[in-house]
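Structure file protein-v7.cif with mmCIF, C-alpha atoms and all ligand atoms:
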data_input
loop_
_atom_site.group_PDB
_atom_site.id
_atom_site.type_symbol
_atom_site.label_atom_id
_atom_site.label_comp_id
_atom_site.auth_asym_id
_atom_site.auth_seq_id
_atom_site.Cartn_x
_atom_site.Cartn_y
_atom_site.Cartn_z
ATOM 1 C CA MET A 1 6.786 -20.460 19.461
ATOM 2 C CA ASN A 2 5.518 -16.868 19.244
ATOM 3 C CA ALA A 3 1.832 -16.004 19.498
ATOM 4 C CA PRO A 4 0.192 -15.781 16.062
ATOM 5 C CA PHE A 5 0.751 -12.580 14.093
ATOM 6 C CA ALA A 6 -2.985 -11.807 14.393
ATOM 7 C CA ALA A 7 -2.426 -11.153 18.108
ATOM 8 C CA ARG A 8 0.096 -8.416 17.291
ATOM 9 C CA VAL A 9 -1.751 -6.600 14.497
ATOM 10 C CA GLU A 10 -3.251 -4.015 16.836
ATOM 11 C CA ASP A 11 0.152 -3.380 18.481
ATOM 12 C CA TYR A 12 1.652 -2.755 15.051
ATOM 13 C CA ARG A 13 -1.161 -0.362 14.127
ATOM 14 C CA GLN A 14 -0.384 1.522 17.354
ATOM 15 C CA ARG A 15 3.353 1.578 16.583
ATOM 16 C CA LEU A 16 2.490 3.045 13.194
ATOM 17 C CA GLN A 17 0.273 5.670 14.821
ATOM 18 C CA ALA A 18 3.150 6.613 17.142
ATOM 19 C CA ALA A 19 5.446 6.924 14.106
ATOM 20 C CA PHE A 20 2.889 9.237 12.446
ATOM 21 C CA GLU A 21 2.750 11.328 15.621
ATOM 22 C CA ARG A 22 6.540 11.735 15.498
ATOM 23 C CA ALA A 23 6.560 12.515 11.780
ATOM 24 C CA LEU A 24 3.501 14.677 11.118
ATOM 25 C CA PRO A 25 3.672 18.331 12.126
ATOM 26 C CA PRO A 26 1.089 19.065 14.849
ATOM 27 C CA ALA A 27 -2.286 20.248 13.534
ATOM 28 C CA GLY A 28 -1.666 23.768 14.888
ATOM 29 C CA CYS A 29 1.780 24.095 13.278
ATOM 30 C CA TYR A 30 2.102 26.762 10.529
ATOM 31 C CA PRO A 31 0.368 26.454 8.095
ATOM 32 C CA ALA A 32 -2.286 25.045 10.397
ATOM 33 C CA ARG A 33 -4.967 24.215 7.818
ATOM 34 C CA LEU A 34 -2.572 22.223 5.623
ATOM 35 C CA HIS A 35 -1.264 20.205 8.555
ATOM 36 C CA GLU A 36 -4.786 19.532 9.802
ATOM 37 C CA ALA A 37 -5.705 18.291 6.296
ATOM 38 C CA MET A 38 -2.597 16.054 6.170
ATOM 39 C CA ARG A 39 -3.687 14.443 9.432
ATOM 40 C CA TYR A 40 -7.257 14.074 8.120
ATOM 41 C CA ALA A 41 -5.970 12.222 5.046
ATOM 42 C CA VAL A 42 -3.713 9.888 7.031
ATOM 43 C CA ASP A 43 -6.489 8.731 9.397
ATOM 44 C CA GLY A 44 -8.232 5.388 8.858
ATOM 45 C CA GLY A 45 -7.547 2.660 6.322
ATOM 46 C CA LYS A 46 -6.518 -0.941 6.797
ATOM 47 C CA ARG A 47 -2.762 -0.220 7.061
ATOM 48 C CA LEU A 48 -1.984 -3.339 5.022
ATOM 49 C CA ARG A 49 1.294 -2.026 3.624
ATOM 50 C CA PRO A 50 2.829 -1.210 7.043
ATOM 51 C CA LEU A 51 1.603 -4.606 8.307
ATOM 52 C CA LEU A 52 3.422 -6.267 5.406
ATOM 53 C CA VAL A 53 6.609 -4.415 6.383
ATOM 54 C CA TYR A 54 6.329 -5.497 10.041
ATOM 55 C CA ALA A 55 5.347 -9.081 9.141
ATOM 56 C CA ALA A 56 8.321 -9.411 6.785
ATOM 57 C CA GLY A 57 10.503 -7.978 9.542
ATOM 58 C CA GLU A 58 9.338 -10.716 11.913
ATOM 59 C CA VAL A 59 10.081 -13.394 9.324
ATOM 60 C CA LEU A 60 13.602 -11.956 8.987
ATOM 61 C CA GLY A 61 14.065 -11.734 12.765
ATOM 62 C CA LEU A 62 14.331 -7.932 12.803
ATOM 63 C CA PRO A 63 13.365 -5.711 15.745
ATOM 64 C CA PRO A 64 10.176 -3.697 15.043
ATOM 65 C CA ARG A 65 12.030 -0.448 15.774
ATOM 66 C CA ALA A 66 14.069 -0.958 12.584
ATOM 67 C CA LEU A 67 10.831 -1.022 10.583
ATOM 68 C CA ASP A 68 8.960 1.977 11.968
ATOM 69 C CA ALA A 69 10.327 4.412 9.382
ATOM 70 C CA PRO A 70 9.715 2.209 6.307
ATOM 71 C CA ALA A 71 6.236 1.245 7.595
ATOM 72 C CA CYS A 72 5.378 4.911 8.130
ATOM 73 C CA ALA A 73 6.942 6.071 4.854
ATOM 74 C CA ILE A 74 5.140 3.546 2.666
ATOM 75 C CA GLU A 75 1.771 4.468 4.199
ATOM 76 C CA LEU A 76 2.475 8.191 3.712
ATOM 77 C CA ILE A 77 3.127 7.583 0.006
ATOM 78 C CA HIS A 78 0.038 5.378 -0.227
ATOM 79 C CA VAL A 79 -2.145 8.067 1.388
ATOM 80 C CA TYR A 80 -0.758 10.764 -0.917
ATOM 81 C CA SER A 81 -1.637 8.560 -3.906
ATOM 82 C CA LEU A 82 -5.203 8.078 -2.660
ATOM 83 C CA VAL A 83 -5.670 11.828 -2.072
ATOM 84 C CA HIS A 84 -4.439 12.663 -5.579
ATOM 85 C CA ASP A 85 -6.299 9.757 -7.197
ATOM 86 C CA ASP A 86 -9.584 11.055 -5.739
ATOM 87 C CA LEU A 87 -9.173 14.527 -7.303
ATOM 88 C CA PRO A 88 -11.533 15.615 -10.093
ATOM 89 C CA ALA A 89 -8.649 15.498 -12.614
ATOM 90 C CA MET A 90 -8.186 11.797 -11.860
ATOM 91 C CA ASP A 91 -10.834 9.449 -10.424
ATOM 92 C CA ASP A 92 -13.095 12.259 -9.139
ATOM 93 C CA ASP A 93 -14.367 10.592 -5.994
ATOM 94 C CA ASP A 94 -16.273 11.958 -2.995
ATOM 95 C CA LEU A 95 -15.826 9.054 -0.594
ATOM 96 C CA ARG A 96 -12.638 7.507 0.815
ATOM 97 C CA ARG A 97 -12.125 5.474 3.966
ATOM 98 C CA GLY A 98 -15.824 5.926 4.729
ATOM 99 C CA ARG A 99 -15.815 9.733 4.745
ATOM 100 C CA PRO A 100 -15.456 12.700 2.399
ATOM 101 C CA THR A 101 -12.294 12.691 0.296
ATOM 102 C CA THR A 102 -9.695 15.289 1.260
ATOM 103 C CA HIS A 103 -10.633 17.716 -1.559
ATOM 104 C CA LYS A 104 -14.291 17.502 -0.457
ATOM 105 C CA ALA A 105 -13.508 18.011 3.234
ATOM 106 C CA TYR A 106 -11.086 20.876 2.381
ATOM 107 C CA ASP A 107 -10.622 22.028 -1.233
ATOM 108 C CA GLU A 108 -8.775 20.879 -4.343
ATOM 109 C CA ALA A 109 -5.677 23.023 -3.937
ATOM 110 C CA THR A 110 -5.307 21.879 -0.331
ATOM 111 C CA ALA A 111 -5.670 18.223 -1.390
ATOM 112 C CA ILE A 112 -2.914 18.620 -4.007
ATOM 113 C CA LEU A 113 -0.650 20.168 -1.382
ATOM 114 C CA VAL A 114 -1.555 17.478 1.170
ATOM 115 C CA GLY A 115 -0.321 14.860 -1.304
ATOM 116 C CA ASP A 116 2.827 16.842 -2.039
ATOM 117 C CA GLY A 117 3.525 17.337 1.664
ATOM 118 C CA LEU A 118 2.967 13.664 2.516
ATOM 119 C CA GLN A 119 5.248 12.532 -0.298
ATOM 120 C CA ALA A 120 8.117 14.762 0.833
ATOM 121 C CA LEU A 121 7.570 13.709 4.447
ATOM 122 C CA ALA A 122 7.838 9.997 3.529
ATOM 123 C CA PHE A 123 11.385 10.458 2.269
ATOM 124 C CA GLN A 124 12.316 12.642 5.222
ATOM 125 C CA VAL A 125 11.105 9.930 7.611
ATOM 126 C CA LEU A 126 13.344 7.352 5.937
ATOM 127 C CA ALA A 127 16.365 9.624 5.728
ATOM 128 C CA SER A 128 16.220 10.995 9.252
ATOM 129 C CA ASP A 129 15.466 8.013 11.529
ATOM 130 C CA ARG A 130 18.919 7.674 13.092
ATOM 131 C CA GLU A 131 17.739 5.855 16.237
ATOM 132 C CA ALA A 132 16.527 2.684 14.527
ATOM 133 C CA GLY A 133 19.813 0.797 14.342
ATOM 134 C CA LEU A 134 20.046 1.155 10.549
ATOM 135 C CA SER A 135 23.184 2.338 8.777
ATOM 136 C CA ALA A 136 23.138 5.420 6.538
ATOM 137 C CA ALA A 137 23.645 3.053 3.572
ATOM 138 C CA GLN A 138 20.540 1.058 4.553
ATOM 139 C CA ARG A 139 18.463 4.215 4.895
ATOM 140 C CA LEU A 140 19.695 5.426 1.507
ATOM 141 C CA GLN A 141 18.783 2.090 -0.054
ATOM 142 C CA MET A 142 15.283 2.437 1.384
ATOM 143 C CA VAL A 143 14.929 5.939 -0.096
ATOM 144 C CA ASP A 144 16.002 4.528 -3.460
ATOM 145 C CA LEU A 145 13.609 1.549 -3.262
ATOM 146 C CA LEU A 146 10.643 3.666 -2.280
ATOM 147 C CA ALA A 147 11.338 6.307 -4.952
ATOM 148 C CA GLU A 148 11.545 3.601 -7.611
ATOM 149 C CA ALA A 149 8.260 1.988 -6.502
ATOM 150 C CA ALA A 150 6.368 5.262 -6.149
ATOM 151 C CA GLY A 151 7.704 7.051 -9.226
ATOM 152 C CA SER A 152 7.167 6.992 -12.973
ATOM 153 C CA ARG A 153 8.633 3.478 -13.299
ATOM 154 C CA GLY A 154 6.210 2.277 -10.618
ATOM 155 C CA MET A 155 2.942 3.605 -9.187
ATOM 156 C CA VAL A 156 2.887 6.999 -10.935
ATOM 157 C CA GLY A 157 3.636 5.316 -14.282
ATOM 158 C CA GLY A 158 0.815 2.823 -13.720
ATOM 159 C CA GLN A 159 -1.556 5.649 -12.868
ATOM 160 C CA ALA A 160 -0.596 7.497 -16.074
ATOM 161 C CA VAL A 161 -1.366 4.404 -18.171
ATOM 162 C CA ASP A 162 -4.596 3.803 -16.244
ATOM 163 C CA LEU A 163 -5.859 7.325 -16.971
ATOM 164 C CA ALA A 164 -4.793 7.135 -20.625
ATOM 165 C CA SER A 165 -6.537 3.771 -21.078
ATOM 166 C CA GLU A 166 -9.998 4.791 -19.897
ATOM 167 C CA GLY A 167 -12.548 3.884 -22.544
ATOM 168 C CA SER A 168 -10.277 1.443 -24.382
ATOM 169 C CA GLN A 169 -10.228 -2.319 -24.030
ATOM 170 C CA LEU A 170 -6.812 -3.561 -22.861
ATOM 171 C CA THR A 171 -5.377 -6.990 -23.509
ATOM 172 C CA LEU A 172 -4.641 -9.160 -20.493
ATOM 173 C CA ALA A 173 -0.907 -8.479 -20.866
ATOM 174 C CA GLU A 174 -1.494 -4.707 -20.970
ATOM 175 C CA LEU A 175 -3.803 -4.855 -17.963
ATOM 176 C CA GLU A 176 -1.333 -6.940 -15.975
ATOM 177 C CA ALA A 177 1.469 -4.460 -16.744
ATOM 178 C CA LEU A 178 -0.764 -1.604 -15.579
ATOM 179 C CA HIS A 179 -1.686 -3.360 -12.325
ATOM 180 C CA VAL A 180 1.888 -4.443 -11.624
ATOM 181 C CA HIS A 181 2.942 -0.794 -11.828
ATOM 182 C CA LYS A 182 -0.016 1.066 -10.290
ATOM 183 C CA THR A 183 -0.671 -1.134 -7.266
ATOM 184 C CA GLY A 184 1.858 -3.957 -7.327
ATOM 185 C CA ALA A 185 5.046 -1.889 -7.121
ATOM 186 C CA MET A 186 4.157 -0.347 -3.763
ATOM 187 C CA ILE A 187 3.141 -3.690 -2.250
ATOM 188 C CA ARG A 188 6.303 -5.343 -3.524
ATOM 189 C CA ALA A 189 8.257 -2.433 -2.010
ATOM 190 C CA CYS A 190 6.960 -3.367 1.471
ATOM 191 C CA LEU A 191 8.913 -6.627 1.298
ATOM 192 C CA ARG A 192 11.937 -4.988 -0.312
ATOM 193 C CA LEU A 193 12.085 -2.327 2.421
ATOM 194 C CA ALA A 194 12.095 -5.012 5.112
ATOM 195 C CA CYS A 195 14.891 -6.830 3.242
ATOM 196 C CA ALA A 196 16.899 -3.590 3.153
ATOM 197 C CA ALA A 197 16.776 -3.539 6.960
ATOM 198 C CA ALA A 198 18.251 -7.066 7.137
ATOM 199 C CA PRO A 199 22.029 -7.095 6.815
ATOM 200 C CA ALA A 200 23.633 -10.008 4.954
ATOM 201 C CA LEU A 201 20.371 -11.508 3.759
ATOM 202 C CA ARG A 202 20.738 -14.665 1.659
ATOM 203 C CA ALA A 203 19.741 -14.221 -2.015
ATOM 204 C CA GLU A 204 17.293 -17.156 -1.744
ATOM 205 C CA ALA A 205 15.423 -15.481 1.108
ATOM 206 C CA ARG A 206 15.348 -12.141 -0.689
ATOM 207 C CA ASP A 207 14.043 -13.768 -3.888
ATOM 208 C CA ALA A 208 11.357 -15.670 -1.989
ATOM 209 C CA LEU A 209 10.087 -12.496 -0.317
ATOM 210 C CA ASP A 210 10.211 -10.637 -3.619
ATOM 211 C CA HIS A 211 8.102 -13.344 -5.266
ATOM 212 C CA TYR A 212 5.637 -13.164 -2.384
ATOM 213 C CA GLY A 213 5.403 -9.357 -2.752
ATOM 214 C CA LYS A 214 4.979 -9.545 -6.514
ATOM 215 C CA CYS A 215 2.157 -12.098 -6.267
ATOM 216 C CA ILE A 216 0.349 -10.341 -3.406
ATOM 217 C CA GLY A 217 0.624 -6.998 -5.235
ATOM 218 C CA LEU A 218 -1.064 -8.273 -8.386
ATOM 219 C CA ALA A 219 -3.611 -10.380 -6.495
ATOM 220 C CA PHE A 220 -4.540 -7.329 -4.393
ATOM 221 C CA GLN A 221 -5.435 -5.282 -7.479
ATOM 222 C CA ILE A 222 -7.396 -8.150 -9.087
ATOM 223 C CA GLN A 223 -9.331 -8.400 -5.812
ATOM 224 C CA ASP A 224 -9.918 -4.642 -5.946
ATOM 225 C CA ASP A 225 -11.432 -5.071 -9.419
ATOM 226 C CA VAL A 226 -13.657 -7.878 -8.110
ATOM 227 C CA LEU A 227 -14.726 -5.934 -4.993
ATOM 228 C CA ASP A 228 -15.601 -2.931 -7.161
ATOM 229 C CA ILE A 229 -18.297 -5.172 -8.711
ATOM 230 C CA GLU A 230 -19.350 -7.297 -5.759
ATOM 231 C CA ALA A 231 -19.111 -5.058 -2.678
ATOM 232 C CA SER A 232 -21.223 -2.074 -1.638
ATOM 233 C CA SER A 233 -19.923 1.487 -1.236
ATOM 234 C CA THR A 234 -20.706 1.205 2.493
ATOM 235 C CA ALA A 235 -18.549 -1.897 2.878
ATOM 236 C CA LEU A 236 -15.758 -0.458 0.735
ATOM 237 C CA GLY A 237 -15.789 3.025 2.267
ATOM 238 C CA LYS A 238 -15.413 4.322 -1.314
ATOM 239 C CA THR A 239 -17.715 4.431 -4.327
ATOM 240 C CA ALA A 240 -18.382 0.946 -5.707
ATOM 241 C CA GLY A 241 -18.992 0.311 -9.420
ATOM 242 C CA LYS A 242 -16.600 3.050 -10.558
ATOM 243 C CA ASP A 243 -14.617 0.878 -12.977
ATOM 244 C CA GLU A 244 -17.623 0.060 -15.149
ATOM 245 C CA ALA A 245 -18.925 3.640 -14.954
ATOM 246 C CA ARG A 246 -15.543 4.976 -16.156
ATOM 247 C CA LEU A 247 -15.216 2.283 -18.833
ATOM 248 C CA LYS A 248 -12.040 0.882 -17.306
ATOM 249 C CA SER A 249 -10.563 -2.442 -18.322
ATOM 250 C CA THR A 250 -10.413 -4.737 -15.313
ATOM 251 C CA TYR A 251 -9.612 -8.387 -14.744
ATOM 252 C CA PRO A 252 -13.333 -9.284 -14.614
ATOM 253 C CA SER A 253 -14.040 -7.301 -17.806
ATOM 254 C CA VAL A 254 -11.124 -8.903 -19.668
ATOM 255 C CA MET A 255 -11.297 -12.517 -18.439
ATOM 256 C CA GLY A 256 -14.694 -12.779 -16.702
ATOM 257 C CA LEU A 257 -15.470 -12.709 -12.980
ATOM 258 C CA PRO A 258 -14.884 -16.421 -12.154
ATOM 259 C CA ALA A 259 -11.537 -16.479 -13.997
ATOM 260 C CA ALA A 260 -10.449 -13.254 -12.282
ATOM 261 C CA LYS A 261 -11.216 -14.782 -8.868
ATOM 262 C CA ALA A 262 -9.374 -17.960 -9.820
ATOM 263 C CA ARG A 263 -6.304 -15.944 -10.947
ATOM 264 C CA ALA A 264 -6.237 -14.035 -7.642
ATOM 265 C CA ALA A 265 -6.494 -17.319 -5.687
ATOM 266 C CA GLU A 266 -3.660 -18.802 -7.756
ATOM 267 C CA LEU A 267 -1.452 -15.781 -7.013
ATOM 268 C CA PHE A 268 -2.159 -15.924 -3.269
ATOM 269 C CA ALA A 269 -1.269 -19.638 -3.290
ATOM 270 C CA SER A 270 1.949 -18.956 -5.199
ATOM 271 C CA ALA A 271 2.870 -16.221 -2.703
ATOM 272 C CA ARG A 272 2.449 -18.652 0.194
ATOM 273 C CA ALA A 273 4.345 -21.436 -1.552
ATOM 274 C CA ALA A 274 7.366 -19.134 -1.909
ATOM 275 C CA LEU A 275 7.631 -18.935 1.891
ATOM 276 C CA ALA A 276 8.443 -22.646 2.293
ATOM 277 C CA LEU A 277 12.135 -22.017 3.008
ATOM 278 C CA PHE A 278 11.253 -20.053 6.162
ATOM 279 C CA ASN A 279 9.299 -23.025 7.612
ATOM 280 C CA ASP A 280 7.204 -22.047 10.670
ATOM 281 C CA GLY A 281 8.970 -18.674 10.806
ATOM 282 C CA ALA A 282 6.846 -17.571 7.849
ATOM 283 C CA GLU A 283 3.643 -17.527 9.904
ATOM 284 C CA PRO A 284 3.279 -13.698 9.955
ATOM 285 C CA LEU A 285 3.327 -13.467 6.150
ATOM 286 C CA GLN A 286 1.245 -16.644 5.762
ATOM 287 C CA TRP A 287 -1.388 -15.168 8.054
ATOM 288 C CA LEU A 288 -1.334 -11.769 6.361
ATOM 289 C CA SER A 289 -1.777 -13.284 2.898
ATOM 290 C CA ARG A 290 -4.861 -15.172 4.114
ATOM 291 C CA HIS A 291 -6.149 -12.039 5.807
ATOM 292 C CA ILE A 292 -5.733 -10.017 2.589
ATOM 293 C CA GLU A 293 -7.258 -12.836 0.504
ATOM 294 C CA GLY A 294 -10.321 -12.857 2.763
ATOM 295 C CA ARG A 295 -10.830 -9.082 2.819
ATOM 296 C CA ASP A 296 -14.226 -7.610 1.930
ATOM 297 C CA HIS A 297 -13.076 -3.976 1.577
HETATM 298 C C1 LIG B 301 -2.320 9.520 -7.968
HETATM 299 C C2 LIG B 301 0.138 9.039 -8.274
HETATM 300 C C3 LIG B 301 -1.211 8.555 -8.073
HETATM 301 C C4 LIG B 301 -1.392 7.235 -7.995
HETATM 302 C C5 LIG B 301 -2.667 6.625 -7.689
HETATM 303 C C6 LIG B 301 -3.065 3.956 -5.576
HETATM 304 C C7 LIG B 301 -3.541 4.605 -6.793
HETATM 305 C C8 LIG B 301 -2.545 5.146 -7.717
HETATM 306 C C9 LIG B 301 -4.844 4.767 -7.035
HETATM 307 C C10 LIG B 301 -5.887 4.344 -6.108
HETATM 308 C C11 LIG B 301 -6.973 3.759 -6.913
HETATM 309 C C12 LIG B 301 -7.224 2.389 -6.486
HETATM 310 C C13 LIG B 301 -8.526 2.158 -5.826
HETATM 311 C C14 LIG B 301 -6.348 1.428 -6.693
HETATM 312 C C15 LIG B 301 -6.625 0.058 -6.306
HETATM 313 C C16 LIG B 301 -5.707 -0.500 -5.300
HETATM 314 C C17 LIG B 301 -5.634 0.345 -4.119
HETATM 315 C C18 LIG B 301 -4.400 1.116 -4.011
HETATM 316 C C19 LIG B 301 -6.615 0.373 -3.248
HETATM 317 C C20 LIG B 301 -6.594 1.161 -2.008
HETATM 318 O O1 LIG B 301 -5.733 0.548 -1.084
HETATM 319 P P1 LIG B 301 -6.271 -0.051 0.275
HETATM 320 O O2 LIG B 301 -7.458 -0.946 0.010
HETATM 321 O O3 LIG B 301 -6.778 1.283 0.999
HETATM 322 O O4 LIG B 301 -5.137 -0.678 1.018
HETATM 323 P P2 LIG B 301 -6.771 1.701 2.540
HETATM 324 O O5 LIG B 301 -7.720 2.890 2.589
HETATM 325 O O6 LIG B 301 -7.253 0.545 3.374
HETATM 326 O O7 LIG B 301 -5.382 2.093 2.862
#
Translate this structure into structure tokens?
Ligand code: GRG
Amino acid sequence: MNAPFAARVEDYRQRLQAAFERALPPAGCYPARLHEAMRYAVDGGKRLRPLLVYAAGEVLGLPPRALDAPACAIELIHVYSLVHDDLPAMDDDDLRRGRPTTHKAYDEATAILVGDGLQALAFQVLASDREAGLSAAQRLQMVDLLAEAAGSRGMVGGQAVDLASEGSQLTLAELEALHVHKTGAMIRACLRLACAAAPALRAEARDALDHYGKCIGLAFQIQDDVLDIEASSTALGKTAGKDEARLKSTYPSVMGLPAAKARAAELFASARAALALFNDGAEPLQWLSRHIEGRDH
């Protein structure tokens, strides 16, 4: 049997870094300040989405090389969303990944362009990786999947509803829909991207991984709501207590803190249960779900 996934997490983070080095224009490349700011924004973070892509790839028996582009692309989109979310017109935050947000370290116009540049680069990475053993049809499917998850029917749509809902009390159903779009769609896409790299995948296996992604995506955002209350800004590397200050509906505000924690635990358990058909081969995703469940930032 393979060594546990935990033993390979650092290798995967390094693979991702190498993929960024291939994809990102060098800091000195024209226009130098924009490219330096793009690199600033990409640094740091837990890299959970790329790890989900690589872990799902292991469960499906895929070579890591086939997953470098989707792992890199999903993180580029994620980083763009964080940079834009931190802008004064949105969440207006000064701290991200334990240091000044991109618009504080540079300026607002640069931060907007950093997000725009990272988003375009994500799709270029997927479209242009011809050395990964993927067919053009597979790469096109990945572009489609990522666009759907990131766009107005996914993350961007969730963000629009989130901003419009500030100050109003949402029902649980409304809040769940918001979370499923804003945060869940991108996490679910990690599993779907790995599936797109697997030719002739059985429907049962695809459905199981999709259920896992759906549950982890929602649980991750509920946890984020809980950590916003319980963790410090130092631990989080971003400003804690923002949800209450901005009068946002959250799982703890709608159902109470203990019930929110119980709902997240239930979702993590359901995600793991869906992996039963992979038997011991599911260890990478089992481990990652426990790692995410135990996170403190
Ligand atoms: C601006 C289009 C647009 C979308 C913004 C992702 C997002 C939508 C907003 C971020 C606000 C937020 C804190 C959402 C909660 C879930 C989340 C995405 C947390 C940050 O992800 P982590 O914890 O961050 O994986 P790192 O820095 O580790 O990558």
Picked residues, the PyMOL selection byres (((chain A and resi 89) around 12) and not hetatm), expected as a count of residues only: 17
Using all atoms listed in the file, what are the residues with an atom within 6 Å of ligand LIG 301 (chain B), set out as a PDB file with C-alpha atoms, in the frame of the given file?
ATOM      1  CA  GLY A  45      -7.547   2.660   6.322  1.00  0.00           C
ATOM      2  CA  LYS A  46      -6.518  -0.941   6.797  1.00  0.00           C
ATOM      3  CA  ARG A  47      -2.762  -0.220   7.061  1.00  0.00           C
ATOM      4  CA  LEU A  48      -1.984  -3.339   5.022  1.00  0.00           C
ATOM      5  CA  SER A  81      -1.637   8.560  -3.906  1.00  0.00           C
ATOM      6  CA  LEU A  82      -5.203   8.078  -2.660  1.00  0.00           C
ATOM      7  CA  HIS A  84      -4.439  12.663  -5.579  1.00  0.00           C
ATOM      8  CA  ASP A  85      -6.299   9.757  -7.197  1.00  0.00           C
ATOM      9  CA  ARG A  97     -12.125   5.474   3.966  1.00  0.00           C
ATOM     10  CA  MET A 155       2.942   3.605  -9.187  1.00  0.00           C
ATOM     11  CA  VAL A 156       2.887   6.999 -10.935  1.00  0.00           C
ATOM     12  CA  GLN A 159      -1.556   5.649 -12.868  1.00  0.00           C
ATOM     13  CA  LYS A 182      -0.016   1.066 -10.290  1.00  0.00           C
ATOM     14  CA  THR A 183      -0.671  -1.134  -7.266  1.00  0.00           C
ATOM     15  CA  GLN A 221      -5.435  -5.282  -7.479  1.00  0.00           C
ATOM     16  CA  ASP A 224      -9.918  -4.642  -5.946  1.00  0.00           C
TER      17      ASP A 224
END
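Nearest-residue note for Phe268 (chain A): choosing from A:Leu236, A:Cys215, A:Ala66, A:Leu285, the minimum distance belongs to A:Cys215, counting only C-alpha atoms.
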CA of Gly167 (chain A) to CA of Lys248 (chain A), distance in Å rounded to a single decimal: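 That distance, rounded to one decimal, is 6.1 Å.
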Residue contacts of Leu60 (chain A) (9 Å, all atoms listed in the file) excluding same-chain residues fewer than 4 positions away, as an MDAnalysis selection string: chainID A and resid 55:56 194:195 198 201 205 278 281:282
Hits of the PyMOL selection byres (((chain A and resi 210) around 12) and not hetatm) in this structure, as number ranges by chain: A: 56, 184-196, 203-209, 211-217, 270-272, 274-275
Polymer residues at most 10 Å from Leu51 (chain A), only C-alpha atoms, same-chain spacing of 5 or more positions, as number ranges by chain: A: 5, 8-10, 12-13, 16, 46, 56-57, 71, 75, 190, 284-285, 288
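Within the 8 Å cut-off around region 254-266 of chain A, using all atoms listed in the file and omitting residues fewer than 6 positions from it on the same chain, the listed residues are Gln169, Leu170, Thr171, Leu172, Leu218, Ala219, Phe220, Ile222, Gln223, Val226 and Glu293 of chain A.
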Point-to-point distance from CA of Ala235 (chain A) to CA of Glu174 (chain A), Å rounded to tenths: 29.5 Å
Top pick for closest residue to Asp68 (chain A), considering A:Asp11, A:Asp107, A:Asp116, A:Asp129 and counting only C-alpha atoms: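 Smallest separation from Asp68 (chain A) among the options: A:Asp129.
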Given all atoms listed in the file as the counted atoms, nearest of A:His179, A:Ser249, A:Leu126, A:Gly237 to Ser165 (chain A):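 Of A:His179, A:Ser249, A:Leu126, A:Gly237, the one nearest Ser165 (chain A) is A:Ser249, counting all atoms listed in the file.
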Interatomic distance (Å, one decimal) between CA of Asn2 (chain A) and CA of Arg49 (chain A):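 One can read the CA of Asn2 (chain A) to CA of Arg49 (chain A) distance as 22.0 Å.
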Explicit residues for the PyMOL selection byres (((chain A and resi 27-35) around 10) and not hetatm) (as a list in words):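 Output of the PyMOL selection byres (((chain A and resi 27-35) around 10) and not hetatm): Leu24, Pro25, Pro26, Glu36, Ala37, Met38, Arg39, Tyr40, Ala41, Tyr106, Thr110, Ala111, Leu113, Val114, Gly117 and Leu118 of chain A.
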Please enclose the listed atoms of region 20-37 of chain A in an axis-aligned box, pad each side by 3 Å, and write out the centre and the three edge lengths in Å, rounded to one decimal, as JSON.
{"center_x": 0.4, "center_y": 18.0, "center_z": 10.6, "size_x": 18.3, "size_y": 23.5, "size_z": 16.0}
Residue among A:Gly61, A:Tyr251, A:Pro70, A:Phe123 lying closest to Leu175 (chain A), counting all atoms listed in the file: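 Looking at the shortest contact to Leu175 (chain A), the residue is A:Tyr251.
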Selected residue of minimal separation from Ala137 (chain A) among A:Ala197, A:Val180, A:Ala7, A:Ala164, counting all atoms listed in the file: A:Ala197
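Nearest-residue note for Asp243 (chain A): choosing from A:Ala120, A:Asp162, A:Leu178, A:Gly151, the minimum distance belongs to A:Asp162, counting all atoms listed in the file.
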Residues within 6 Å of Ala240 (chain A), all atoms listed in the file, excluding chain neighbours under 3 positions, as a PyMOL selection string: chain A and resi 228+232-233
